[in-house]
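J.: My structure is below; once you've seen it, I'll send some questions.
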Amino acid sequence: MSDTFPVHDDPDLPQNIAQRLGIPGKPDFFASVLRFIRTSAPGFPLDPVIFQSIILSVMAGNKHVLLRAKDEDISIVQSLASLVSNAFING
């Protein structure tokens, strides 16, 4: 077997994924990240507002996010935030 296989052309390498996501700070960045996640993990429950709040905090280097919700929505928001946060920590 030859060593000429272009490893750098693998679309799943981090440097190739980053090119598809766009540049942080550009208007289409979050939309492209959400699209990528929904395509890569279609069953992953993802709320755009919770995701954006957490990813902005991570990008800013902050360690705390406060999310507000109605009393009846607290358990749902807590579960979704936990899923997103754990994906950042473990992924």
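In the structure tokens, the first chain shown is A, the next is B, and so on; residue numbers restart at 1 for each chain, and ligands run from 1 in the order shown.
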Could you pull the residues within 8 Å of region 77-88 of chain A, counting only C-alpha atoms, minus those fewer than 4 positions along the same chain, as a PyMOL selection string?

T.: chain A and resi 45-47+50-51+54+69+73

J.: Suppose we keep all heavy atoms; can you now write the selection as a PDB file, in the first residue's frame?

T.:
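Writing done, so here's part-v2.pdb:
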ATOM      1  N   PRO A  45     -30.947  16.757  21.306  1.00  0.00           N
ATOM      2  CA  PRO A  45     -31.884  17.863  21.549  1.00  0.00           C
ATOM      3  C   PRO A  45     -31.110  19.165  21.755  1.00  0.00           C
ATOM      4  O   PRO A  45     -30.314  19.286  22.674  1.00  0.00           O
ATOM      5  CB  PRO A  45     -32.609  17.440  22.824  1.00  0.00           C
ATOM      6  CG  PRO A  45     -31.683  16.501  23.499  1.00  0.00           C
ATOM      7  CD  PRO A  45     -30.854  15.851  22.430  1.00  0.00           C
ATOM      8  N   LEU A  46     -31.342  20.108  20.873  1.00  0.00           N
ATOM      9  CA  LEU A  46     -30.535  21.327  20.892  1.00  0.00           C
ATOM     10  C   LEU A  46     -31.436  22.547  20.800  1.00  0.00           C
ATOM     11  O   LEU A  46     -32.158  22.718  19.824  1.00  0.00           O
ATOM     12  CB  LEU A  46     -29.554  21.299  19.716  1.00  0.00           C
ATOM     13  CG  LEU A  46     -28.557  22.421  19.618  1.00  0.00           C
ATOM     14  CD1 LEU A  46     -27.616  22.395  20.824  1.00  0.00           C
ATOM     15  CD2 LEU A  46     -27.761  22.304  18.341  1.00  0.00           C
ATOM     16  N   ASP A  47     -31.401  23.367  21.808  1.00  0.00           N
ATOM     17  CA  ASP A  47     -32.129  24.628  21.802  1.00  0.00           C
ATOM     18  C   ASP A  47     -31.145  25.726  21.418  1.00  0.00           C
ATOM     19  O   ASP A  47     -30.120  25.904  22.089  1.00  0.00           O
ATOM     20  CB  ASP A  47     -32.718  24.901  23.182  1.00  0.00           C
ATOM     21  CG  ASP A  47     -33.468  26.211  23.200  1.00  0.00           C
ATOM     22  OD1 ASP A  47     -34.657  26.201  22.877  1.00  0.00           O
ATOM     23  OD2 ASP A  47     -32.838  27.247  23.526  1.00  0.00           O
ATOM     24  N   ILE A  50     -30.149  28.341  24.298  1.00  0.00           N
ATOM     25  CA  ILE A  50     -29.301  27.765  25.344  1.00  0.00           C
ATOM     26  C   ILE A  50     -27.912  27.490  24.791  1.00  0.00           C
ATOM     27  O   ILE A  50     -26.901  27.812  25.417  1.00  0.00           O
ATOM     28  CB  ILE A  50     -29.935  26.484  25.922  1.00  0.00           C
ATOM     29  CG1 ILE A  50     -31.220  26.842  26.669  1.00  0.00           C
ATOM     30  CG2 ILE A  50     -28.968  25.746  26.833  1.00  0.00           C
ATOM     31  CD1 ILE A  50     -32.037  25.656  27.110  1.00  0.00           C
ATOM     32  N   PHE A  51     -27.845  26.924  23.592  1.00  0.00           N
ATOM     33  CA  PHE A  51     -26.556  26.635  22.974  1.00  0.00           C
ATOM     34  C   PHE A  51     -25.742  27.910  22.790  1.00  0.00           C
ATOM     35  O   PHE A  51     -24.564  27.968  23.130  1.00  0.00           O
ATOM     36  CB  PHE A  51     -26.762  25.942  21.622  1.00  0.00           C
ATOM     37  CG  PHE A  51     -25.488  25.743  20.869  1.00  0.00           C
ATOM     38  CD1 PHE A  51     -24.587  24.770  21.257  1.00  0.00           C
ATOM     39  CD2 PHE A  51     -25.177  26.552  19.795  1.00  0.00           C
ATOM     40  CE1 PHE A  51     -23.393  24.595  20.570  1.00  0.00           C
ATOM     41  CE2 PHE A  51     -23.997  26.383  19.103  1.00  0.00           C
ATOM     42  CZ  PHE A  51     -23.099  25.398  19.498  1.00  0.00           C
ATOM     43  N   ILE A  54     -24.345  29.278  26.111  1.00  0.00           N
ATOM     44  CA  ILE A  54     -23.228  28.492  26.648  1.00  0.00           C
ATOM     45  C   ILE A  54     -21.981  28.644  25.796  1.00  0.00           C
ATOM     46  O   ILE A  54     -20.886  28.839  26.316  1.00  0.00           O
ATOM     47  CB  ILE A  54     -23.643  27.020  26.804  1.00  0.00           C
ATOM     48  CG1 ILE A  54     -24.696  26.911  27.905  1.00  0.00           C
ATOM     49  CG2 ILE A  54     -22.445  26.137  27.120  1.00  0.00           C
ATOM     50  CD1 ILE A  54     -25.327  25.552  28.052  1.00  0.00           C
ATOM     51  N   ALA A  69     -35.827  31.125  33.154  1.00  0.00           N
ATOM     52  CA  ALA A  69     -36.938  30.368  32.584  1.00  0.00           C
ATOM     53  C   ALA A  69     -38.158  30.501  33.477  1.00  0.00           C
ATOM     54  O   ALA A  69     -38.050  30.797  34.665  1.00  0.00           O
ATOM     55  CB  ALA A  69     -36.546  28.899  32.448  1.00  0.00           C
ATOM     56  N   ASP A  73     -40.812  25.638  33.105  1.00  0.00           N
ATOM     57  CA  ASP A  73     -39.805  25.248  32.110  1.00  0.00           C
ATOM     58  C   ASP A  73     -38.423  24.970  32.702  1.00  0.00           C
ATOM     59  O   ASP A  73     -37.505  24.596  31.982  1.00  0.00           O
ATOM     60  CB  ASP A  73     -39.654  26.342  31.044  1.00  0.00           C
ATOM     61  CG  ASP A  73     -40.911  26.515  30.217  1.00  0.00           C
ATOM     62  OD1 ASP A  73     -41.692  25.544  30.126  1.00  0.00           O
ATOM     63  OD2 ASP A  73     -41.109  27.607  29.658  1.00  0.00           O
TER      64      ASP A  73
END

J.: Please provide the set of residues having any atom within 12 Å of Arg35 (chain A), restricted to only C-alpha atoms, with same-chain residues fewer than 2 positions apart removed, written as a PyMOL selection string.

T.: chain A and resi 20-22+28-33+37-42+44+46+48

J.: When distances are computed from only C-alpha atoms, which of A:Gly25, A:Ser75, A:Leu34, A:Gly43 shows the smallest separation from Met59 (chain A)?

T.: A:Gly25

J.: Could you please determine the separation between CA of Gly61 (chain A) and CA of Phe36 (chain A) in Å, to one decimal place?

T.: 22.7 Å

J.: To one decimal in Å, tell me the separation between CA of Pro24 (chain A) and CA of Val58 (chain A).

T.: 12.3 Å

J.: Between CA of Gln52 (chain A) and CA of Ile76 (chain A), what is the distance in Å, rounded to a tenth?

T.: 16.4 Å
